[in-house]
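**Student:** First, the structure itself, so that you have it in front of you.
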Amino acid sequence: MTRLARAELLKLVTTRLLLWNGLLLLALEVLVITLNITQDSTLALASPSRQREIASIAAVSALVSLILGIVSSAGEYGHGTIAHTLLVAPVRPRVAAAKLTASALAGAALALAAGAFAWGYAALLLSARSVPVHLGSGETLRVLPATVLAAAITGAIGVGFGLLVRRQTGAIVIAFVWLLVVEPLLALAGIQEYAPGHTIASVVEAGTQSADLLGFGAGLLLALGYAAAFAVAGAVALARTDVS
Amino acid sequence: MADAPPVEVRALTKRYGSTIAVDGLSFAIPRGRITGFLGPNGAGKTTTLRALLGLVLPTTGEARIEGSRYRELADPLGTVGAVLEADSFHPGRSGRNHLRVLATAAGVARPRVDEVLEEVELSSAARRRVGGYSLGMRQRLSVAGALLGRPRLLVLDEPANGLDPEGIRWLRTFLRGFAAEGGTVLISSHVLAEVAQVADEVVILHRGRLVTQEPLAALTARSSGGSVVRSPEAARLGAELARAGVEATLVEDGELRVTAPAERVGEVAAAAGIVLHELRPQGASLEEVFLELTAGEPG
């Protein structure tokens with residue numbers, strides 16, 4: 001890893017941003033898994049697909065990774081620290097590449113931790129209710145690396161998008177409006193499966209998805225295409241920006 | 001390039017829409033000296049320095065450090081240390097971690113972080129978050145960052161803004177020490193007095209254009225030359241001075257402001273047998289000369 005990427009990772013771990021996002025994700029997982037396993041009947045919980053569905057709450061880490069990516073790029077403009085970054089590394093495409101690498105890695109690590117916790121906690125609660133645990137089956141376990149992959153991609157998308165918008169709050173709001181309002185509207189035209197949020201969902205579902213998502217391979221390719229497009233656009237924007 | 005000046009600005013122009021921030025500016029600064037980069041607010045100092053540091057992209061022209069554009073420098077932090085105006089930090093990161101991030105990115109060994117913290121007398125606050133720092137502490141942190149790579153050149157943009165007298169004195173002492181060890185300093189300010197005590201040379205800018213570049217001593221010489229004289233025979237002295245071709249103005253009863261040096265006034269008074277009660281040199285202050293230079297339209 002380059003020293004610039006290491007510096008970007010150091011930035012992420014030397015503020016409380018990663019800690020708070022991690023704790024938030026953990027709390028969400030505890031809440032959702034606890035509610036689902038304590039409320040469902042043992043018969044329903046015994047289904048492998050239901051268990052996979054419950055543990056898949058870890059996929060929220062892809063959304064958290066998107067936010068981390070945005071903060072690591074747009075946040076630099078907000079705090080004015082972009083000047084320090086560019087003084088140390090004046091070749092701007094290298095800065096963009098380092099941010100992409102660091103955010104993808106941080107997102108993947110976060111997803112791995114979130115997945116491990118979700119699987120472990122769900123297995124614990126299922127055992128406590130004397131429900132046979134199927135979380136170790138191949139089809140269910142496949143969701144774990146898929147989530148890690150999805151979080152790495154959303155981390156990169158977040159960096160590119162943040163470099164384009166340059167306003168942290170604005171970029172996060174736009175991302176949420178897109179995911180919660182625009183993409184559902186695209187369903188009316190029947191093209192929602194090609195939208196960025198849905199392609200990420202098709203990666204997370206790892207081949208177990210319903211008909212309104214692309215298959216894993218197609219979804220992954222398109223998601224990587226979105227990440228590349230945002231990365232290039234963000235790097236071009238960074239190269240053309242006056243830091244004044 | 002060893003022969004290239006530490007800083008050279010060539011025909012630099014920067015436009016923001018219809019506004020011209022810097023207009024065909026050219027100057028170079030000498031090695032091993034402290035150069036004051038002066039001009040009123042909005043004169044284009046910050047834009048020039050940011051163009052020099054690769055943060056602002058010139059519309060035309062260029063700015064070079066030791067013969068290279070900033071982005072071409074093999075070791076930016078080891079070549080130039082920058083202290084930016086109203087420098088910003090992440091409020092949630094400690095001062096030490098801020099420097100660790102810079103050191104990691106620049107490939108500077110970690111012990112150097114503690115060295116520069118010691119150098120700027122910030123070691124005791126190093127593990128506190130920057131959000132709790134005073135303005136003076138932030139400025140010291142900024143200087144620490146500039147020193148990380150042991151640069152030969154320091155570029156400081158309005159470093160005294162908002163500093164208390166103790167902070168300003170610390171900064172002056174620090175800059176003198178840096179220059180004494182052979183370092184070159186380019187320091188901007190909109191207040192001449194701030195840099196007059198440390199600068200060897202001044203570059204004066206107004207409305208994006210160069211007004212003058214000269215040694216501070218030459219600027220000081222411009223500010224001297226007049227005198228004030230009090231005499232019980234002020235009216236007669238005024239007439240004698242006028243006869244000698246010297247302009248004198250009666251400002252109050254018995255006091256004249258004269259455009260000639262005190263020595264000349266004394267000679268005229270002695271020749272005319274006029275008693276003087278007071279005779280002292282007085283000219284425009286450095287600040288007045290600066291304001292005069294930057295008041296009109298440049299060239």
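Each chain of the structure tokens is named A, B, ... in the order shown, its residues numbered from 1; ligands are numbered from 1 in display order.
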Which residues are near region 12-17 of chain B? Cut-off 10 Å, only C-alpha atoms, ignore same chain within fewer than 3 positions. Put them as a list of chain:residue names.
**Tutor:** B:Val9, B:Ile20, B:Ala21, B:Val22, B:Asp23, B:Gly24, B:Leu25, B:Ser26, B:Phe27, B:Gly44, B:Thr47, B:Thr48, B:Ala51, B:Leu52, B:Val56, B:Leu57, B:Pro58, B:Thr59, B:Thr60, B:Gly61, B:Glu62, B:Ala63, B:Gly208, B:Arg209
**Student:** Could you build a table of the residues in chain A lying no more than 12 Å from chain B, giving for each the nearest pair of atoms and their separation in Å rounded to one decimal place, using only C-alpha atoms, ordered by chain and ascending residue number, as a tab-separated table?
**Tutor:**
```
residue	atom	partner	partner_atom	distance
A:Met1	CA	B:Ala105	CA	11.6
A:Thr2	CA	B:Ala105	CA	8.6
A:Arg3	CA	B:Ala105	CA	5.2
A:Leu4	CA	B:Ala105	CA	4.6
A:Ala5	CA	B:Ala105	CA	7.9
A:Arg6	CA	B:Thr104	CA	7.0
A:Ala7	CA	B:Val101	CA	5.1
A:Glu8	CA	B:Val101	CA	7.6
A:Leu9	CA	B:Val101	CA	9.0
A:Leu10	CA	B:Val101	CA	6.2
A:Lys11	CA	B:Val101	CA	6.5
A:Leu12	CA	B:Arg93	CA	9.9
A:Val13	CA	B:Arg93	CA	9.5
A:Thr14	CA	B:Arg93	CA	5.9
A:Thr15	CA	B:Arg93	CA	5.3
A:Arg16	CA	B:Gly92	CA	7.1
A:Leu17	CA	B:Gly92	CA	9.0
A:Leu18	CA	B:Gly92	CA	11.9
A:Val71	CA	B:His90	CA	11.8
A:Ser72	CA	B:His90	CA	11.4
A:Gly75	CA	B:His90	CA	9.2
A:Glu76	CA	B:His90	CA	8.3
A:Tyr77	CA	B:Ser88	CA	9.9
A:Gly78	CA	B:His90	CA	9.2
A:His79	CA	B:His90	CA	5.7
A:Gly80	CA	B:Ser88	CA	5.1
A:Thr81	CA	B:Phe89	CA	5.7
A:Ile82	CA	B:Ser88	CA	9.0
A:Ala83	CA	B:Leu55	CA	7.0
A:His84	CA	B:Leu102	CA	7.6
A:Thr85	CA	B:Leu102	CA	7.5
A:Leu86	CA	B:Leu55	CA	7.1
A:Leu87	CA	B:Leu53	CA	6.9
A:Val88	CA	B:Ala106	CA	5.9
A:Ala89	CA	B:Ala105	CA	7.4
A:Pro90	CA	B:Arg71	CA	4.8
A:Val91	CA	B:Arg71	CA	5.8
A:Arg92	CA	B:Arg71	CA	8.7
A:Pro93	CA	B:Arg71	CA	11.4
A:Arg94	CA	B:Ala105	CA	11.2
A:Val95	CA	B:Ala105	CA	9.9
A:Ala98	CA	B:Ala105	CA	10.0
A:Lys99	CA	B:Ala105	CA	11.8
A:Leu238	CA	B:Leu55	CA	10.7
A:Ala239	CA	B:Leu57	CA	9.4
A:Arg240	CA	B:Leu57	CA	7.8
A:Thr241	CA	B:Val56	CA	7.6
A:Asp242	CA	B:Val56	CA	4.5
A:Val243	CA	B:Leu55	CA	5.1
A:Ser244	CA	B:Val56	CA	6.7
```
**Student:** Suppose you want the space between CA of Pro6 (chain B) and CA of Ala193 (chain B); what is it in Å?
**Tutor:**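 Those two atoms sit 24.3 Å apart.
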**Student:** Can you work out the spacing between CA of Gly226 (chain B) and CA of Gln282 (chain B) in Å, to one decimal?
**Tutor:**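 Spanning CA of Gly226 (chain B) to CA of Gln282 (chain B) is a straight-line distance of 5.0 Å.
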**Student:** Skipping near chain neighbours, those fewer than 2 positions away, what residues fall within 7 Å of Thr184 (chain B) using only C-alpha atoms, listed as a CSV table (one decimal) with C-alpha atoms, in the first residue's frame?
**Tutor:**
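Here's the written file out12.csv:
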```csv
chain,number,residue,atom,x,y,z
B,31,ARG,CA,18.0,32.9,-1.0
B,32,GLY,CA,18.8,33.0,2.7
B,33,ARG,CA,16.8,36.1,3.4
B,34,ILE,CA,13.4,37.1,4.8
B,152,ARG,CA,14.9,25.2,3.0
B,153,LEU,CA,12.1,27.6,2.3
B,154,LEU,CA,9.1,28.7,4.4
B,179,ALA,CA,16.8,32.6,8.5
B,182,GLY,CA,20.4,29.8,6.1
B,186,LEU,CA,8.5,34.6,2.2
```
**Student:** Need to verify the contact set: Ile70 (chain A), 8 Å, only C-alpha atoms, exclusion of same-chain residues closer than 3 positions in sequence. Can you return it as a PyMOL selection string?
**Tutor:** chain A and resi 66-67+73-75+155+158-163+168+171-172
**Student:** Any chance you can output those residues with N, CA and C atoms as a short mmCIF file (atom, residue, chain, number, x, y, z; two decimals), in the first residue's frame?
**Tutor:**
```
data_model
loop_
_atom_site.label_atom_id
_atom_site.label_comp_id
_atom_site.auth_asym_id
_atom_site.auth_seq_id
_atom_site.Cartn_x
_atom_site.Cartn_y
_atom_site.Cartn_z
N LEU A 66 -20.47 3.93 2.26
CA LEU A 66 -20.73 5.03 1.32
C LEU A 66 -20.56 6.38 2.04
N ILE A 67 -21.13 6.46 3.24
CA ILE A 67 -21.03 7.71 4.02
C ILE A 67 -19.57 7.99 4.39
N SER A 73 -13.72 12.38 1.56
CA SER A 73 -13.36 13.28 0.44
C SER A 73 -14.00 14.66 0.61
N ALA A 74 -15.35 14.71 0.64
CA ALA A 74 -16.01 16.01 0.78
C ALA A 74 -15.69 16.64 2.13
N GLY A 75 -15.50 15.80 3.15
CA GLY A 75 -15.19 16.32 4.48
C GLY A 75 -13.90 17.12 4.51
N GLY A 155 -17.68 2.32 -0.77
CA GLY A 155 -16.66 3.22 -0.23
C GLY A 155 -16.02 4.02 -1.35
N GLY A 158 -18.48 6.50 -2.77
CA GLY A 158 -18.60 7.64 -1.86
C GLY A 158 -17.47 8.65 -2.05
N VAL A 159 -16.25 8.16 -2.22
CA VAL A 159 -15.10 9.06 -2.42
C VAL A 159 -15.28 9.86 -3.71
N GLY A 160 -15.61 9.17 -4.79
CA GLY A 160 -15.78 9.86 -6.08
C GLY A 160 -16.89 10.88 -6.01
N PHE A 161 -18.02 10.49 -5.41
CA PHE A 161 -19.17 11.39 -5.31
C PHE A 161 -18.82 12.59 -4.42
N GLY A 162 -18.13 12.34 -3.33
CA GLY A 162 -17.73 13.42 -2.42
C GLY A 162 -16.79 14.41 -3.09
N LEU A 163 -15.87 13.90 -3.92
CA LEU A 163 -14.94 14.79 -4.62
C LEU A 163 -15.69 15.64 -5.65
N GLN A 168 -20.00 18.00 2.24
CA GLN A 168 -20.25 16.74 2.93
C GLN A 168 -21.75 16.49 3.19
N ALA A 171 -23.75 16.15 -0.03
CA ALA A 171 -23.51 14.88 -0.72
C ALA A 171 -24.24 13.73 -0.03
N ILE A 172 -24.24 13.72 1.30
CA ILE A 172 -24.94 12.65 2.03
C ILE A 172 -26.46 12.74 1.79
#
```
**Student:** Quick one: pull the distance between CA of Glu121 (chain B) and CA of Leu141 (chain B), Å, one decimal.
**Tutor:**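 Atom-to-atom, CA of Glu121 (chain B) to CA of Leu141 (chain B), that is 9.4 Å.
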**Student:** Go through A:Ser202, A:Ser103, A:Gln192, A:Ser47 and flag the residue nearest Ala150 (chain A), using only C-alpha atoms for the distances.
**Tutor:** A:Ser202
**Student:** I need the residues of region 58-130 of chain B that end up classed as strand (DSSP E) by DSSP on the backbone, written out as an NGL selection string.
**Tutor:** :B and (60-65 or 80-83)
**Student:** Could those selected residues go to a file with N, CA and C atoms, as a PDB file, in the first residue's frame?
**Tutor:**
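Contents of out_6.pdb, freshly written:
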```
ATOM      1  N   THR B  60      -2.804  32.216 -16.518  1.00  0.00           N
ATOM      2  CA  THR B  60      -1.609  32.219 -17.367  1.00  0.00           C
ATOM      3  C   THR B  60      -0.400  32.479 -16.470  1.00  0.00           C
ATOM      4  N   GLY B  61       0.774  32.257 -17.028  1.00  0.00           N
ATOM      5  CA  GLY B  61       2.004  32.476 -16.258  1.00  0.00           C
ATOM      6  C   GLY B  61       2.275  31.309 -15.336  1.00  0.00           C
ATOM      7  N   GLU B  62       3.274  31.473 -14.500  1.00  0.00           N
ATOM      8  CA  GLU B  62       3.630  30.364 -13.615  1.00  0.00           C
ATOM      9  C   GLU B  62       4.370  30.866 -12.379  1.00  0.00           C
ATOM     10  N   ALA B  63       4.428  29.998 -11.396  1.00  0.00           N
ATOM     11  CA  ALA B  63       5.178  30.277 -10.178  1.00  0.00           C
ATOM     12  C   ALA B  63       6.045  29.057  -9.905  1.00  0.00           C
ATOM     13  N   ARG B  64       7.315  29.294  -9.621  1.00  0.00           N
ATOM     14  CA  ARG B  64       8.231  28.157  -9.439  1.00  0.00           C
ATOM     15  C   ARG B  64       8.968  28.242  -8.104  1.00  0.00           C
ATOM     16  N   ILE B  65       9.277  27.085  -7.596  1.00  0.00           N
ATOM     17  CA  ILE B  65      10.076  26.973  -6.377  1.00  0.00           C
ATOM     18  C   ILE B  65      11.355  26.243  -6.752  1.00  0.00           C
ATOM     19  N   VAL B  80       9.751  23.005   0.682  1.00  0.00           N
ATOM     20  CA  VAL B  80       9.066  24.200   1.160  1.00  0.00           C
ATOM     21  C   VAL B  80       8.065  23.839   2.247  1.00  0.00           C
ATOM     22  N   GLY B  81       8.068  24.626   3.278  1.00  0.00           N
ATOM     23  CA  GLY B  81       7.074  24.469   4.341  1.00  0.00           C
ATOM     24  C   GLY B  81       6.096  25.619   4.236  1.00  0.00           C
ATOM     25  N   ALA B  82       4.806  25.318   4.304  1.00  0.00           N
ATOM     26  CA  ALA B  82       3.807  26.373   4.111  1.00  0.00           C
ATOM     27  C   ALA B  82       2.930  26.547   5.343  1.00  0.00           C
ATOM     28  N   VAL B  83       2.710  27.794   5.691  1.00  0.00           N
ATOM     29  CA  VAL B  83       1.750  28.133   6.746  1.00  0.00           C
ATOM     30  C   VAL B  83       0.683  28.982   6.074  1.00  0.00           C
TER      31      VAL B  83
END
```
**Student:** Choose the residue, out of B:Val258, B:Val268, B:Leu279, B:Leu148, that has the smallest atom-to-atom separation from Ala109 (chain B); count only C-alpha atoms.
**Tutor:**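 Among the listed residues, the smallest separation from Ala109 (chain B) belongs to B:Leu148.
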**Student:** Go through region 84-252 of chain B and collect every residue that DSSP, computed from the backbone, puts in alpha helix (DSSP H); the answer should be as a PyMOL selection string.
**Tutor:** chain B and resi 95-106+111-119+135-147+165-180+192-196+216-223+234-243
**Student:** Can you write just those residues out, C-alpha atoms, as a PDB file, in the first residue's frame?
**Tutor:**
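Everything below was put into selection.pdb:
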```pdb
ATOM      1  CA  GLY B  95      -2.368  17.946  16.978  1.00  0.00           C
ATOM      2  CA  ARG B  96       0.017  15.008  17.104  1.00  0.00           C
ATOM      3  CA  ASN B  97      -2.209  12.846  14.919  1.00  0.00           C
ATOM      4  CA  HIS B  98      -2.566  15.692  12.423  1.00  0.00           C
ATOM      5  CA  LEU B  99       1.216  15.720  12.093  1.00  0.00           C
ATOM      6  CA  ARG B 100       1.360  11.904  11.974  1.00  0.00           C
ATOM      7  CA  VAL B 101      -0.973  11.966   8.971  1.00  0.00           C
ATOM      8  CA  LEU B 102       1.253  14.490   7.184  1.00  0.00           C
ATOM      9  CA  ALA B 103       4.410  12.587   8.120  1.00  0.00           C
ATOM     10  CA  THR B 104       2.963   9.286   6.877  1.00  0.00           C
ATOM     11  CA  ALA B 105       1.929  10.830   3.554  1.00  0.00           C
ATOM     12  CA  ALA B 106       5.315  12.492   3.107  1.00  0.00           C
ATOM     13  CA  PRO B 111      10.129  10.681  15.643  1.00  0.00           C
ATOM     14  CA  ARG B 112      10.270  13.884  13.621  1.00  0.00           C
ATOM     15  CA  VAL B 113       6.653  14.575  14.678  1.00  0.00           C
ATOM     16  CA  ASP B 114       7.688  14.847  18.321  1.00  0.00           C
ATOM     17  CA  GLU B 115      10.732  16.903  17.357  1.00  0.00           C
ATOM     18  CA  VAL B 116       8.694  19.588  15.576  1.00  0.00           C
ATOM     19  CA  LEU B 117       6.122  19.624  18.372  1.00  0.00           C
ATOM     20  CA  GLU B 118       8.990  20.341  20.748  1.00  0.00           C
ATOM     21  CA  GLU B 119      10.366  22.970  18.395  1.00  0.00           C
ATOM     22  CA  LEU B 135      -5.552  30.494  17.610  1.00  0.00           C
ATOM     23  CA  GLY B 136      -1.919  30.794  18.666  1.00  0.00           C
ATOM     24  CA  MET B 137      -1.666  27.036  19.246  1.00  0.00           C
ATOM     25  CA  ARG B 138      -3.183  26.360  15.827  1.00  0.00           C
ATOM     26  CA  GLN B 139      -0.641  28.677  14.272  1.00  0.00           C
ATOM     27  CA  ARG B 140       2.168  26.817  16.029  1.00  0.00           C
ATOM     28  CA  LEU B 141       0.731  23.530  14.815  1.00  0.00           C
ATOM     29  CA  SER B 142       0.704  24.942  11.321  1.00  0.00           C
ATOM     30  CA  VAL B 143       4.357  25.932  11.683  1.00  0.00           C
ATOM     31  CA  ALA B 144       5.135  22.449  13.029  1.00  0.00           C
ATOM     32  CA  GLY B 145       3.582  20.951   9.901  1.00  0.00           C
ATOM     33  CA  ALA B 146       5.636  23.273   7.744  1.00  0.00           C
ATOM     34  CA  LEU B 147       8.834  22.150   9.483  1.00  0.00           C
ATOM     35  CA  PRO B 165       1.561  39.930  21.148  1.00  0.00           C
ATOM     36  CA  GLU B 166       3.297  36.940  22.719  1.00  0.00           C
ATOM     37  CA  GLY B 167       2.466  34.803  19.689  1.00  0.00           C
ATOM     38  CA  ILE B 168       3.767  37.473  17.318  1.00  0.00           C
ATOM     39  CA  ARG B 169       6.996  37.747  19.296  1.00  0.00           C
ATOM     40  CA  TRP B 170       7.415  33.962  19.245  1.00  0.00           C
ATOM     41  CA  LEU B 171       6.887  33.940  15.482  1.00  0.00           C
ATOM     42  CA  ARG B 172       9.452  36.712  14.909  1.00  0.00           C
ATOM     43  CA  THR B 173      12.045  34.958  17.029  1.00  0.00           C
ATOM     44  CA  PHE B 174      11.365  31.709  15.244  1.00  0.00           C
ATOM     45  CA  LEU B 175      11.673  33.242  11.762  1.00  0.00           C
ATOM     46  CA  ARG B 176      14.893  35.042  12.670  1.00  0.00           C
ATOM     47  CA  GLY B 177      16.321  31.745  13.890  1.00  0.00           C
ATOM     48  CA  PHE B 178      15.232  29.950  10.701  1.00  0.00           C
ATOM     49  CA  ALA B 179      16.843  32.613   8.492  1.00  0.00           C
ATOM     50  CA  ALA B 180      19.981  32.668  10.646  1.00  0.00           C
ATOM     51  CA  LEU B 192       3.960  46.489   7.103  1.00  0.00           C
ATOM     52  CA  ALA B 193       4.806  46.855  10.795  1.00  0.00           C
ATOM     53  CA  GLU B 194       4.272  43.116  11.261  1.00  0.00           C
ATOM     54  CA  VAL B 195       7.093  42.205   8.927  1.00  0.00           C
ATOM     55  CA  ALA B 196       9.247  45.329   9.238  1.00  0.00           C
ATOM     56  CA  LEU B 216      13.495  47.218   3.583  1.00  0.00           C
ATOM     57  CA  ALA B 217      16.295  49.738   4.206  1.00  0.00           C
ATOM     58  CA  ALA B 218      15.385  51.533   0.967  1.00  0.00           C
ATOM     59  CA  LEU B 219      11.774  51.723   2.060  1.00  0.00           C
ATOM     60  CA  THR B 220      12.926  53.042   5.431  1.00  0.00           C
ATOM     61  CA  ALA B 221      15.022  55.703   3.690  1.00  0.00           C
ATOM     62  CA  ARG B 222      11.915  56.879   1.836  1.00  0.00           C
ATOM     63  CA  SER B 223      10.189  57.445   5.118  1.00  0.00           C
ATOM     64  CA  ALA B 234       8.875  80.657  13.759  1.00  0.00           C
ATOM     65  CA  ALA B 235       7.522  83.093  11.175  1.00  0.00           C
ATOM     66  CA  ARG B 236      11.011  84.527  10.439  1.00  0.00           C
ATOM     67  CA  LEU B 237      12.484  81.019  10.339  1.00  0.00           C
ATOM     68  CA  GLY B 238       9.795  80.021   7.835  1.00  0.00           C
ATOM     69  CA  ALA B 239      10.732  82.942   5.628  1.00  0.00           C
ATOM     70  CA  GLU B 240      14.477  82.152   5.877  1.00  0.00           C
ATOM     71  CA  LEU B 241      13.799  78.486   5.003  1.00  0.00           C
ATOM     72  CA  ALA B 242      11.682  79.547   2.021  1.00  0.00           C
ATOM     73  CA  ARG B 243      14.520  81.797   0.864  1.00  0.00           C
TER      74      ARG B 243
END
```
